[in-house]
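Presented below is the structure to which this report refers.
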Amino acid sequence: PAAFDLTGTLSRRAQSMTASAIREILKVTQQPDVISFAGGLPAPELFPLDEVRAASQRVLDVYGPAALQYSTTEGHPPLREWIGAQAGIPARNVQIVTGSQQGLDLLGKVLIDEGDVVLVEAPTYLGALQSFQPYLPRYVQVPTDDGGIDVDALEEVLKTTRAKLLYAVPNFQNPTGRTLSAERRRRLVELTAQHGVLLIEDDPYGQLRFTGAAAPSLYSLGLELHGDADRNHVIYSSSFSKTLVPGLRDAWVQAAAPIIAKLIQAKQGADLHTPTFNQMIIAELVDSVLPRQIERVRQAYGERARLMLDRIHADFPAGVQSTTPEGGMFLWLTLPEGVDTQALLPRAVERKVAYVPGSPFFALGGGENTMRLSYSNATPEQITRGVRALGDTLRDALAGA
Ligand SMILES: Cc1ncc(COP(=O)(O)O)c(CN[C@@H](CCCC(=O)O)C(=O)O)c1O
């Protein structure tokens, strides 16, 4: 038979896809002696292992075979009810998804037509870019500063640009660790409503505040503006990955009924439903274990963030700027012009430390002299040792550069 040109068969969507820099580095950081500041992995030593074991047993005792059977696409009713009650909205405005990463993919599928303008922060979460990319949007970057999205700059952009949606991470942003002020949140919700731009609020870290005062979610500001969940132009996404465990892949989306209806149809085509057993386990944990677990994680990450910042100020060469997170898992470094963090990564790994180079977080490129550091999955001892190794790597690069 004639040789089959397989690569020629790939769709234009497939050809538009690229690998996740975070997922690719995870392979490198699997080496046991490498200290990883790369993936935003929750601290495994803090996982509520015994509570998950007991919950799994209880679920099998209570539900029996139904815990292992197909279940509805919408999600496990007690879990949807619980989430709706937390948000003060009906459960029918809540859709369970298999990780908020799937939520982003399904939102891309139901909202983005080829060529639609998608407004994103510069830098933004590269996983969102990866989810939206196959739907062939036109990215427009919204300027940011140390307070997050620059809403004055956004107002200018919206005067000349018709956009379909704006994707934002207002709390402890991935990758910068920045938090949007209450004042800017109000402006952002009003501006997007005024210009008919859907606002996706991706908030997996909102509960993990370890300093400063909380600000209202964009979603709750949208509810105030529009009066009810079915007229809210803000779509809220969150997850149990960072507050409980990521491996059960349980997350949710809050949106107006017409969008939820399409997410359900898209999800039917994607995975039928989120694993039944996993949802039931999470539902067992939300009242009894979740509040205490959030406190434990908040405390630990606050300590690790402060330690990492102290060590950076002690061990890094001059000319390096860092953000100062109030919560979450990340901080963001800007190095002197000319340093290429992509090229530097192998040098760092030789010194047994890893990070995520910054440029993949920019939809339209740039950021070669930036990097993201996660402090969540390194013990205080590893943070001290890893930051020193990274400081030495940078010093060599600056001497050589
Ligand atoms: C803003 C934002 N939105 C969604 C997600 C995905 O979280 P889940 O799918 O709910 O676990 C994440 C998780 N991002 C982590 C985890 C990625 C894990 C991995 O690719 O191994 C990271 O940036 O390192 C996120 O930061």
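All residue names refer to the structure tokens as shown: chains lettered A, B, ... in order, residues numbered from 1 in each chain, ligands numbered from 1 in order.
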As a PDB file with all heavy atoms, in the first residue's frame, please: the residues near stretch 82-97 of chain A (cut-off 9 Å, only C-alpha atoms, same-chain neighbours under 4 positions excluded).
```pdb
ATOM      1  N   THR A  73     -23.874  13.835  33.456  1.00  0.00           N
ATOM      2  CA  THR A  73     -22.843  14.786  32.998  1.00  0.00           C
ATOM      3  C   THR A  73     -22.782  15.997  33.917  1.00  0.00           C
ATOM      4  O   THR A  73     -21.708  16.513  34.211  1.00  0.00           O
ATOM      5  CB  THR A  73     -23.175  15.254  31.559  1.00  0.00           C
ATOM      6  OG1 THR A  73     -23.293  14.096  30.729  1.00  0.00           O
ATOM      7  CG2 THR A  73     -22.081  16.162  31.007  1.00  0.00           C
ATOM      8  N   GLU A  74     -23.958  16.452  34.407  1.00  0.00           N
ATOM      9  CA  GLU A  74     -24.016  17.674  35.236  1.00  0.00           C
ATOM     10  C   GLU A  74     -23.146  17.536  36.490  1.00  0.00           C
ATOM     11  O   GLU A  74     -22.571  18.513  36.958  1.00  0.00           O
ATOM     12  CB  GLU A  74     -25.465  17.949  35.665  1.00  0.00           C
ATOM     13  CG  GLU A  74     -26.374  18.453  34.565  1.00  0.00           C
ATOM     14  CD  GLU A  74     -26.875  17.336  33.634  1.00  0.00           C
ATOM     15  OE1 GLU A  74     -26.382  16.183  33.748  1.00  0.00           O
ATOM     16  OE2 GLU A  74     -27.734  17.627  32.791  1.00  0.00           O
ATOM     17  N   GLY A  75     -23.092  16.332  37.035  1.00  0.00           N
ATOM     18  CA  GLY A  75     -22.269  16.142  38.234  1.00  0.00           C
ATOM     19  C   GLY A  75     -23.077  15.599  39.399  1.00  0.00           C
ATOM     20  O   GLY A  75     -24.310  15.643  39.399  1.00  0.00           O
ATOM     21  N   HIS A  76     -22.380  15.115  40.395  1.00  0.00           N
ATOM     22  CA  HIS A  76     -22.971  14.511  41.602  1.00  0.00           C
ATOM     23  C   HIS A  76     -23.825  15.565  42.316  1.00  0.00           C
ATOM     24  O   HIS A  76     -23.275  16.576  42.790  1.00  0.00           O
ATOM     25  CB  HIS A  76     -21.825  14.024  42.497  1.00  0.00           C
ATOM     26  CG  HIS A  76     -22.245  13.298  43.732  1.00  0.00           C
ATOM     27  ND1 HIS A  76     -23.188  12.284  43.744  1.00  0.00           N
ATOM     28  CD2 HIS A  76     -21.836  13.445  45.017  1.00  0.00           C
ATOM     29  CE1 HIS A  76     -23.337  11.850  44.980  1.00  0.00           C
ATOM     30  NE2 HIS A  76     -22.517  12.527  45.761  1.00  0.00           N
ATOM     31  N   PRO A  77     -25.140  15.337  42.406  1.00  0.00           N
ATOM     32  CA  PRO A  77     -26.044  16.375  42.935  1.00  0.00           C
ATOM     33  C   PRO A  77     -25.623  16.974  44.278  1.00  0.00           C
ATOM     34  O   PRO A  77     -25.579  18.201  44.398  1.00  0.00           O
ATOM     35  CB  PRO A  77     -27.384  15.647  43.002  1.00  0.00           C
ATOM     36  CG  PRO A  77     -27.308  14.648  41.900  1.00  0.00           C
ATOM     37  CD  PRO A  77     -25.869  14.176  41.897  1.00  0.00           C
ATOM     38  N   PRO A  78     -25.236  16.167  45.272  1.00  0.00           N
ATOM     39  CA  PRO A  78     -24.831  16.783  46.554  1.00  0.00           C
ATOM     40  C   PRO A  78     -23.646  17.742  46.399  1.00  0.00           C
ATOM     41  O   PRO A  78     -23.569  18.769  47.073  1.00  0.00           O
ATOM     42  CB  PRO A  78     -24.443  15.582  47.433  1.00  0.00           C
ATOM     43  CG  PRO A  78     -25.184  14.439  46.855  1.00  0.00           C
ATOM     44  CD  PRO A  78     -25.233  14.684  45.382  1.00  0.00           C
ATOM     45  N   GLN A 101      -8.916  22.658  34.263  1.00  0.00           N
ATOM     46  CA  GLN A 101      -8.310  22.643  32.924  1.00  0.00           C
ATOM     47  C   GLN A 101      -9.350  22.203  31.905  1.00  0.00           C
ATOM     48  O   GLN A 101      -9.463  22.785  30.827  1.00  0.00           O
ATOM     49  CB  GLN A 101      -7.101  21.703  32.892  1.00  0.00           C
ATOM     50  CG  GLN A 101      -6.208  21.905  31.673  1.00  0.00           C
ATOM     51  CD  GLN A 101      -5.500  23.248  31.678  1.00  0.00           C
ATOM     52  OE1 GLN A 101      -5.000  23.704  32.699  1.00  0.00           O
ATOM     53  NE2 GLN A 101      -5.504  23.891  30.527  1.00  0.00           N
ATOM     54  N   GLN A 102     -10.170  21.186  32.227  1.00  0.00           N
ATOM     55  CA  GLN A 102     -11.221  20.775  31.284  1.00  0.00           C
ATOM     56  C   GLN A 102     -12.248  21.893  31.141  1.00  0.00           C
ATOM     57  O   GLN A 102     -12.760  22.144  30.045  1.00  0.00           O
ATOM     58  CB  GLN A 102     -11.930  19.509  31.747  1.00  0.00           C
ATOM     59  CG  GLN A 102     -12.956  19.034  30.708  1.00  0.00           C
ATOM     60  CD  GLN A 102     -13.787  17.865  31.153  1.00  0.00           C
ATOM     61  OE1 GLN A 102     -14.572  17.969  32.119  1.00  0.00           O
ATOM     62  NE2 GLN A 102     -13.634  16.761  30.473  1.00  0.00           N
ATOM     63  N   GLY A 103     -12.525  22.603  32.248  1.00  0.00           N
ATOM     64  CA  GLY A 103     -13.466  23.724  32.176  1.00  0.00           C
ATOM     65  C   GLY A 103     -13.013  24.749  31.153  1.00  0.00           C
ATOM     66  O   GLY A 103     -13.800  25.235  30.336  1.00  0.00           O
ATOM     67  N   SER A 220     -19.085  37.639  41.969  1.00  0.00           N
ATOM     68  CA  SER A 220     -20.065  38.227  42.905  1.00  0.00           C
ATOM     69  C   SER A 220     -20.367  39.671  42.505  1.00  0.00           C
ATOM     70  O   SER A 220     -21.507  40.138  42.610  1.00  0.00           O
ATOM     71  CB  SER A 220     -19.528  38.171  44.345  1.00  0.00           C
ATOM     72  OG  SER A 220     -18.334  38.926  44.444  1.00  0.00           O
ATOM     73  N   ASP A 228     -29.047  38.492  38.760  1.00  0.00           N
ATOM     74  CA  ASP A 228     -29.110  37.045  39.036  1.00  0.00           C
ATOM     75  C   ASP A 228     -28.154  36.258  38.144  1.00  0.00           C
ATOM     76  O   ASP A 228     -27.635  36.768  37.162  1.00  0.00           O
ATOM     77  CB  ASP A 228     -30.550  36.520  38.935  1.00  0.00           C
ATOM     78  CG  ASP A 228     -31.012  36.363  37.493  1.00  0.00           C
ATOM     79  OD1 ASP A 228     -30.201  35.918  36.642  1.00  0.00           O
ATOM     80  OD2 ASP A 228     -32.158  36.679  37.195  1.00  0.00           O
ATOM     81  N   ALA A 229     -27.994  34.977  38.517  1.00  0.00           N
ATOM     82  CA  ALA A 229     -26.949  34.142  37.903  1.00  0.00           C
ATOM     83  C   ALA A 229     -27.185  33.941  36.410  1.00  0.00           C
ATOM     84  O   ALA A 229     -26.235  33.738  35.654  1.00  0.00           O
ATOM     85  CB  ALA A 229     -26.890  32.784  38.605  1.00  0.00           C
ATOM     86  N   ASP A 230     -28.460  34.051  35.957  1.00  0.00           N
ATOM     87  CA  ASP A 230     -28.710  33.773  34.538  1.00  0.00           C
ATOM     88  C   ASP A 230     -28.479  34.979  33.647  1.00  0.00           C
ATOM     89  O   ASP A 230     -28.625  34.890  32.436  1.00  0.00           O
ATOM     90  CB  ASP A 230     -30.129  33.225  34.351  1.00  0.00           C
ATOM     91  CG  ASP A 230     -30.154  31.732  34.682  1.00  0.00           C
ATOM     92  OD1 ASP A 230     -29.066  31.110  34.609  1.00  0.00           O
ATOM     93  OD2 ASP A 230     -31.212  31.199  35.039  1.00  0.00           O
ATOM     94  N   SER A 239     -11.621  25.061  41.646  1.00  0.00           N
ATOM     95  CA  SER A 239     -11.144  23.685  41.669  1.00  0.00           C
ATOM     96  C   SER A 239     -10.867  23.225  43.087  1.00  0.00           C
ATOM     97  O   SER A 239     -10.605  24.043  43.964  1.00  0.00           O
ATOM     98  CB  SER A 239      -9.832  23.625  40.862  1.00  0.00           C
ATOM     99  OG  SER A 239      -9.233  22.364  40.982  1.00  0.00           O
ATOM    100  N   ARG A 249      -9.074  15.201  40.157  1.00  0.00           N
ATOM    101  CA  ARG A 249      -9.534  15.960  38.983  1.00  0.00           C
ATOM    102  C   ARG A 249     -10.963  16.466  39.151  1.00  0.00           C
ATOM    103  O   ARG A 249     -11.837  16.224  38.305  1.00  0.00           O
ATOM    104  CB  ARG A 249      -9.404  15.150  37.691  1.00  0.00           C
ATOM    105  CG  ARG A 249      -8.049  14.529  37.440  1.00  0.00           C
ATOM    106  CD  ARG A 249      -6.854  15.481  37.512  1.00  0.00           C
ATOM    107  NE  ARG A 249      -6.873  16.564  36.525  1.00  0.00           N
ATOM    108  CZ  ARG A 249      -6.776  17.852  36.828  1.00  0.00           C
ATOM    109  NH1 ARG A 249      -6.667  18.254  38.106  1.00  0.00           N
ATOM    110  NH2 ARG A 249      -6.808  18.767  35.887  1.00  0.00           N
ATOM    111  N   ASP A 250     -11.242  17.146  40.291  1.00  0.00           N
ATOM    112  CA  ASP A 250     -12.588  17.671  40.539  1.00  0.00           C
ATOM    113  C   ASP A 250     -12.570  19.191  40.577  1.00  0.00           C
ATOM    114  O   ASP A 250     -11.789  19.786  41.330  1.00  0.00           O
ATOM    115  CB  ASP A 250     -13.110  17.162  41.888  1.00  0.00           C
ATOM    116  CG  ASP A 250     -14.135  16.078  41.687  1.00  0.00           C
ATOM    117  OD1 ASP A 250     -13.874  15.179  40.857  1.00  0.00           O
ATOM    118  OD2 ASP A 250     -15.203  16.134  42.302  1.00  0.00           O
ATOM    119  N   ALA A 251     -13.411  19.826  39.748  1.00  0.00           N
ATOM    120  CA  ALA A 251     -13.478  21.283  39.674  1.00  0.00           C
ATOM    121  C   ALA A 251     -14.875  21.666  39.201  1.00  0.00           C
ATOM    122  O   ALA A 251     -15.717  20.779  38.988  1.00  0.00           O
ATOM    123  CB  ALA A 251     -12.402  21.792  38.713  1.00  0.00           C
ATOM    124  N   TRP A 252     -15.107  22.961  39.044  1.00  0.00           N
ATOM    125  CA  TRP A 252     -16.454  23.368  38.608  1.00  0.00           C
ATOM    126  C   TRP A 252     -16.424  24.707  37.878  1.00  0.00           C
ATOM    127  O   TRP A 252     -15.457  25.466  37.994  1.00  0.00           O
ATOM    128  CB  TRP A 252     -17.418  23.455  39.803  1.00  0.00           C
ATOM    129  CG  TRP A 252     -17.227  24.630  40.710  1.00  0.00           C
ATOM    130  CD1 TRP A 252     -17.864  25.846  40.644  1.00  0.00           C
ATOM    131  CD2 TRP A 252     -16.334  24.711  41.835  1.00  0.00           C
ATOM    132  NE1 TRP A 252     -17.423  26.674  41.651  1.00  0.00           N
ATOM    133  CE2 TRP A 252     -16.495  26.005  42.398  1.00  0.00           C
ATOM    134  CE3 TRP A 252     -15.432  23.835  42.423  1.00  0.00           C
ATOM    135  CZ2 TRP A 252     -15.765  26.435  43.519  1.00  0.00           C
ATOM    136  CZ3 TRP A 252     -14.711  24.257  43.530  1.00  0.00           C
ATOM    137  CH2 TRP A 252     -14.884  25.533  44.062  1.00  0.00           C
ATOM    138  N   VAL A 253     -17.534  24.976  37.156  1.00  0.00           N
ATOM    139  CA  VAL A 253     -17.758  26.253  36.468  1.00  0.00           C
ATOM    140  C   VAL A 253     -19.106  26.787  36.933  1.00  0.00           C
ATOM    141  O   VAL A 253     -20.074  26.033  37.051  1.00  0.00           O
ATOM    142  CB  VAL A 253     -17.768  26.069  34.933  1.00  0.00           C
ATOM    143  CG1 VAL A 253     -18.149  27.366  34.230  1.00  0.00           C
ATOM    144  CG2 VAL A 253     -16.402  25.572  34.443  1.00  0.00           C
ATOM    145  N   GLN A 254     -19.177  28.113  37.199  1.00  0.00           N
ATOM    146  CA  GLN A 254     -20.442  28.795  37.512  1.00  0.00           C
ATOM    147  C   GLN A 254     -20.749  29.722  36.352  1.00  0.00           C
ATOM    148  O   GLN A 254     -19.892  30.546  35.975  1.00  0.00           O
ATOM    149  CB  GLN A 254     -20.315  29.619  38.798  1.00  0.00           C
ATOM    150  CG  GLN A 254     -20.053  28.783  40.038  1.00  0.00           C
ATOM    151  CD  GLN A 254     -19.613  29.597  41.255  1.00  0.00           C
ATOM    152  OE1 GLN A 254     -19.043  29.033  42.175  1.00  0.00           O
ATOM    153  NE2 GLN A 254     -19.851  30.911  41.230  1.00  0.00           N
ATOM    154  N   ALA A 255     -21.939  29.536  35.725  1.00  0.00           N
ATOM    155  CA  ALA A 255     -22.253  30.375  34.560  1.00  0.00           C
ATOM    156  C   ALA A 255     -23.771  30.461  34.384  1.00  0.00           C
ATOM    157  O   ALA A 255     -24.534  29.708  35.005  1.00  0.00           O
ATOM    158  CB  ALA A 255     -21.617  29.787  33.302  1.00  0.00           C
ATOM    159  N   ALA A 256     -24.191  31.359  33.503  1.00  0.00           N
ATOM    160  CA  ALA A 256     -25.618  31.509  33.166  1.00  0.00           C
ATOM    161  C   ALA A 256     -26.109  30.227  32.487  1.00  0.00           C
ATOM    162  O   ALA A 256     -25.328  29.531  31.824  1.00  0.00           O
ATOM    163  CB  ALA A 256     -25.784  32.713  32.243  1.00  0.00           C
ATOM    164  N   ALA A 257     -27.406  29.938  32.645  1.00  0.00           N
ATOM    165  CA  ALA A 257     -27.982  28.675  32.185  1.00  0.00           C
ATOM    166  C   ALA A 257     -27.674  28.347  30.723  1.00  0.00           C
ATOM    167  O   ALA A 257     -27.279  27.222  30.418  1.00  0.00           O
ATOM    168  CB  ALA A 257     -29.489  28.689  32.426  1.00  0.00           C
ATOM    169  N   ILE A 259     -25.124  29.003  28.948  1.00  0.00           N
ATOM    170  CA  ILE A 259     -23.723  28.577  28.802  1.00  0.00           C
ATOM    171  C   ILE A 259     -23.538  27.209  29.461  1.00  0.00           C
ATOM    172  O   ILE A 259     -22.900  26.308  28.905  1.00  0.00           O
ATOM    173  CB  ILE A 259     -22.769  29.632  29.400  1.00  0.00           C
ATOM    174  CG1 ILE A 259     -22.836  30.912  28.560  1.00  0.00           C
ATOM    175  CG2 ILE A 259     -21.318  29.116  29.455  1.00  0.00           C
ATOM    176  CD1 ILE A 259     -22.063  32.085  29.103  1.00  0.00           C
ATOM    177  N   ILE A 260     -24.175  27.020  30.628  1.00  0.00           N
ATOM    178  CA  ILE A 260     -24.105  25.718  31.301  1.00  0.00           C
ATOM    179  C   ILE A 260     -24.673  24.637  30.374  1.00  0.00           C
ATOM    180  O   ILE A 260     -24.094  23.555  30.209  1.00  0.00           O
ATOM    181  CB  ILE A 260     -24.885  25.741  32.634  1.00  0.00           C
ATOM    182  CG1 ILE A 260     -24.219  26.669  33.641  1.00  0.00           C
ATOM    183  CG2 ILE A 260     -25.045  24.327  33.194  1.00  0.00           C
ATOM    184  CD1 ILE A 260     -22.906  26.171  34.226  1.00  0.00           C
ATOM    185  N   LEU A 263     -22.108  23.783  27.896  1.00  0.00           N
ATOM    186  CA  LEU A 263     -20.977  23.083  28.525  1.00  0.00           C
ATOM    187  C   LEU A 263     -21.329  21.611  28.737  1.00  0.00           C
ATOM    188  O   LEU A 263     -20.492  20.723  28.531  1.00  0.00           O
ATOM    189  CB  LEU A 263     -20.630  23.733  29.870  1.00  0.00           C
ATOM    190  CG  LEU A 263     -19.907  25.075  29.832  1.00  0.00           C
ATOM    191  CD1 LEU A 263     -19.715  25.621  31.253  1.00  0.00           C
ATOM    192  CD2 LEU A 263     -18.554  24.959  29.127  1.00  0.00           C
ATOM    193  N   ILE A 264     -22.582  21.357  29.106  1.00  0.00           N
ATOM    194  CA  ILE A 264     -23.013  19.969  29.329  1.00  0.00           C
ATOM    195  C   ILE A 264     -22.932  19.176  28.019  1.00  0.00           C
ATOM    196  O   ILE A 264     -22.368  18.085  27.960  1.00  0.00           O
ATOM    197  CB  ILE A 264     -24.452  19.934  29.902  1.00  0.00           C
ATOM    198  CG1 ILE A 264     -24.444  20.464  31.339  1.00  0.00           C
ATOM    199  CG2 ILE A 264     -25.033  18.524  29.849  1.00  0.00           C
ATOM    200  CD1 ILE A 264     -25.819  20.775  31.894  1.00  0.00           C
ATOM    201  N   LYS A 267     -19.385  18.577  27.198  1.00  0.00           N
ATOM    202  CA  LYS A 267     -18.790  17.596  28.116  1.00  0.00           C
ATOM    203  C   LYS A 267     -19.254  16.180  27.765  1.00  0.00           C
ATOM    204  O   LYS A 267     -18.470  15.222  27.839  1.00  0.00           O
ATOM    205  CB  LYS A 267     -19.115  17.945  29.561  1.00  0.00           C
ATOM    206  CG  LYS A 267     -18.413  17.047  30.585  1.00  0.00           C
ATOM    207  CD  LYS A 267     -18.558  17.562  32.005  1.00  0.00           C
ATOM    208  CE  LYS A 267     -18.084  16.536  33.005  1.00  0.00           C
ATOM    209  NZ  LYS A 267     -16.616  16.311  32.968  1.00  0.00           N
ATOM    210  N   HIS A 273     -18.840  12.274  31.750  1.00  0.00           N
ATOM    211  CA  HIS A 273     -19.017  12.846  33.104  1.00  0.00           C
ATOM    212  C   HIS A 273     -17.682  12.766  33.836  1.00  0.00           C
ATOM    213  O   HIS A 273     -16.790  11.998  33.455  1.00  0.00           O
ATOM    214  CB  HIS A 273     -20.098  12.087  33.884  1.00  0.00           C
ATOM    215  CG  HIS A 273     -19.769  10.653  34.173  1.00  0.00           C
ATOM    216  ND1 HIS A 273     -18.895  10.257  35.179  1.00  0.00           N
ATOM    217  CD2 HIS A 273     -20.159   9.512  33.569  1.00  0.00           C
ATOM    218  CE1 HIS A 273     -18.800   8.940  35.188  1.00  0.00           C
ATOM    219  NE2 HIS A 273     -19.546   8.451  34.211  1.00  0.00           N
ATOM    220  N   THR A 274     -17.554  13.549  34.907  1.00  0.00           N
ATOM    221  CA  THR A 274     -16.353  13.502  35.755  1.00  0.00           C
ATOM    222  C   THR A 274     -16.447  12.222  36.596  1.00  0.00           C
ATOM    223  O   THR A 274     -17.557  11.807  36.954  1.00  0.00           O
ATOM    224  CB  THR A 274     -16.318  14.773  36.641  1.00  0.00           C
ATOM    225  OG1 THR A 274     -16.096  15.886  35.783  1.00  0.00           O
ATOM    226  CG2 THR A 274     -15.235  14.720  37.701  1.00  0.00           C
ATOM    227  N   GLN A 279     -16.028  12.268  42.567  1.00  0.00           N
ATOM    228  CA  GLN A 279     -16.952  13.334  42.998  1.00  0.00           C
ATOM    229  C   GLN A 279     -17.536  13.003  44.370  1.00  0.00           C
ATOM    230  O   GLN A 279     -17.703  13.868  45.227  1.00  0.00           O
ATOM    231  CB  GLN A 279     -18.087  13.485  41.990  1.00  0.00           C
ATOM    232  CG  GLN A 279     -17.684  14.043  40.641  1.00  0.00           C
ATOM    233  CD  GLN A 279     -18.918  14.276  39.793  1.00  0.00           C
ATOM    234  OE1 GLN A 279     -19.716  15.180  40.067  1.00  0.00           O
ATOM    235  NE2 GLN A 279     -19.084  13.458  38.763  1.00  0.00           N
ATOM    236  N   ALA A 283     -17.244  15.099  47.796  1.00  0.00           N
ATOM    237  CA  ALA A 283     -18.481  15.524  48.480  1.00  0.00           C
ATOM    238  C   ALA A 283     -18.446  15.114  49.957  1.00  0.00           C
ATOM    239  O   ALA A 283     -18.976  15.817  50.818  1.00  0.00           O
ATOM    240  CB  ALA A 283     -19.699  14.912  47.796  1.00  0.00           C
ATOM    241  N   VAL A 286     -15.991  17.942  51.806  1.00  0.00           N
ATOM    242  CA  VAL A 286     -16.111  19.407  51.747  1.00  0.00           C
ATOM    243  C   VAL A 286     -16.544  20.024  53.080  1.00  0.00           C
ATOM    244  O   VAL A 286     -16.106  21.132  53.422  1.00  0.00           O
ATOM    245  CB  VAL A 286     -17.062  19.866  50.625  1.00  0.00           C
ATOM    246  CG1 VAL A 286     -16.389  19.650  49.262  1.00  0.00           C
ATOM    247  CG2 VAL A 286     -18.402  19.169  50.687  1.00  0.00           C
ATOM    248  N   ASP A 287     -17.396  19.344  53.829  1.00  0.00           N
ATOM    249  CA  ASP A 287     -17.843  19.958  55.101  1.00  0.00           C
ATOM    250  C   ASP A 287     -16.863  19.679  56.236  1.00  0.00           C
ATOM    251  O   ASP A 287     -16.505  20.587  56.991  1.00  0.00           O
ATOM    252  CB  ASP A 287     -19.242  19.423  55.482  1.00  0.00           C
ATOM    253  CG  ASP A 287     -20.331  20.121  54.668  1.00  0.00           C
ATOM    254  OD1 ASP A 287     -20.125  21.322  54.362  1.00  0.00           O
ATOM    255  OD2 ASP A 287     -21.331  19.479  54.315  1.00  0.00           O
TER     256      ASP A 287
END
```
Throw together the list of residues within 9 Å of ligand 1, counting only C-alpha atoms and all ligand atoms, and drop it here as a PyMOL selection string.
-> chain A and resi 20-26+38-42+97-104+124-128+168-169+172-175+202-205+237-242+245-252+329-330+356+374
Residues of stretch 73-119 of chain A in strand (DSSP E), written as a count of residues only = 7
For A:Gly386, list every protein, DNA or RNA residue within 9 Å, evaluated using only C-alpha atoms, and leave out those in the same chain fewer than 2 positions away; present the list as an NGL selection string.
-> :A and (34-37 or 351-354 or 378 or 381-384 or 388-391)
Residues of the last selection are to be written out with N, CA, C and O atoms, as a CSV table (one decimal), in the first residue's frame.
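Output saved as result-v4.csv:
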```csv
chain,number,residue,atom,x,y,z
A,34,VAL,N,16.5,16.6,42.0
A,34,VAL,CA,16.2,17.9,41.5
A,34,VAL,C,15.2,18.6,42.3
A,34,VAL,O,14.1,18.1,42.6
A,35,ILE,N,15.5,19.8,42.8
A,35,ILE,CA,14.6,20.6,43.6
A,35,ILE,C,13.7,21.4,42.6
A,35,ILE,O,14.2,22.1,41.8
A,36,SER,N,12.4,21.1,42.6
A,36,SER,CA,11.5,21.7,41.6
A,36,SER,C,10.8,22.9,42.1
A,36,SER,O,10.0,22.8,43.1
A,37,PHE,N,11.0,24.1,41.5
A,37,PHE,CA,10.2,25.3,41.7
A,37,PHE,C,9.3,25.4,40.4
A,37,PHE,O,8.9,26.6,40.2
A,351,ARG,N,22.6,22.2,38.3
A,351,ARG,CA,22.8,22.5,39.7
A,351,ARG,C,21.6,22.0,40.5
A,351,ARG,O,21.3,22.4,41.6
A,352,LYS,N,20.8,21.1,39.9
A,352,LYS,CA,19.7,20.4,40.6
A,352,LYS,C,18.6,21.3,41.1
A,352,LYS,O,18.0,21.1,42.2
A,353,VAL,N,18.2,22.3,40.3
A,353,VAL,CA,17.1,23.1,40.6
A,353,VAL,C,16.3,23.5,39.3
A,353,VAL,O,17.0,23.6,38.2
A,354,ALA,N,15.0,23.5,39.4
A,354,ALA,CA,14.2,23.7,38.1
A,354,ALA,C,13.1,24.8,38.4
A,354,ALA,O,12.7,25.0,39.5
A,378,ALA,N,8.0,22.5,47.8
A,378,ALA,CA,9.4,22.3,48.2
A,378,ALA,C,9.4,22.6,49.7
A,378,ALA,O,8.8,23.6,50.2
A,381,GLU,N,13.8,23.4,53.7
A,381,GLU,CA,15.2,23.1,53.5
A,381,GLU,C,15.5,23.1,52.0
A,381,GLU,O,16.5,23.7,51.5
A,382,GLN,N,14.6,22.5,51.2
A,382,GLN,CA,14.8,22.5,49.8
A,382,GLN,C,14.7,23.9,49.2
A,382,GLN,O,15.5,24.3,48.3
A,383,ILE,N,13.9,24.8,49.7
A,383,ILE,CA,13.8,26.1,49.2
A,383,ILE,C,15.1,26.9,49.5
A,383,ILE,O,15.6,27.5,48.6
A,384,THR,N,15.7,26.7,50.7
A,384,THR,CA,16.9,27.3,51.0
A,384,THR,C,18.0,26.9,50.0
A,384,THR,O,18.7,27.7,49.4
A,388,ARG,N,19.7,29.0,46.6
A,388,ARG,CA,21.1,29.3,46.5
A,388,ARG,C,21.6,28.8,45.2
A,388,ARG,O,22.4,29.5,44.5
A,389,ALA,N,21.2,27.6,44.8
A,389,ALA,CA,21.7,27.0,43.6
A,389,ALA,C,21.3,27.9,42.4
A,389,ALA,O,22.0,28.1,41.4
A,390,LEU,N,20.0,28.4,42.5
A,390,LEU,CA,19.5,29.2,41.4
A,390,LEU,C,20.3,30.5,41.3
A,390,LEU,O,20.7,31.1,40.3
A,391,GLY,N,20.6,31.1,42.5
A,391,GLY,CA,21.4,32.3,42.6
A,391,GLY,C,22.8,32.1,42.0
A,391,GLY,O,23.2,33.0,41.2
```
Sorted per-residue table, stretch 66-176 of chain A near stretch 2-13 of chain A, closest atoms and distance, 8 Å, only C-alpha atoms, as CSV:
```
residue,atom,partner,partner_atom,distance
A:Gln133,CA,A:Arg13,CA,7.8
A:Pro134,CA,A:Arg13,CA,4.5
A:Tyr135,CA,A:Arg13,CA,6.8
A:Leu136,CA,A:Arg13,CA,7.1
```
Given the choices A:Ser359, A:Thr276, A:Thr324, A:Ser181, which gets closest to A:Ala214 if the distance is worked out from only C-alpha atoms?
->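 Closest to A:Ala214, using only C-alpha atoms: A:Ser181.
In this comparison, which uses only C-alpha atoms, the residue of A:Gly328, A:Pro65, A:Pro346, A:Gly227 approaching A:Ser376 most closely is A:Gly328.
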Leaving out A:Leu344 and any residue of its chain fewer than 2 positions from it, which residues lie within 12 Å of it when counting only C-alpha atoms, given as a PyMOL selection string?
-> chain A and resi 335+338-342+346-351+353-358+368-371+390-398+400-401
How would you write, as a VMD selection string, the set of residues in stretch 288-334 of chain A that DSSP gives as helix (DSSP H, G or I)?
-> chain A and resid 290 to 315
Non-local contacts of A:Arg187 (12 Å; only C-alpha atoms; under 3 positions in same chain excluded) as a PyMOL selection string | chain A and resi 149-155+180-184+190-194+218+221-222+225
Using only C-alpha atoms, determine which residues lie at most 10 Å from A:Leu208, disregarding the query and same-chain residues fewer than 4 positions distant; provide the list as a ChimeraX atom specification.
-> /A:171-172,204,242-243,294-299,301-302,326-329
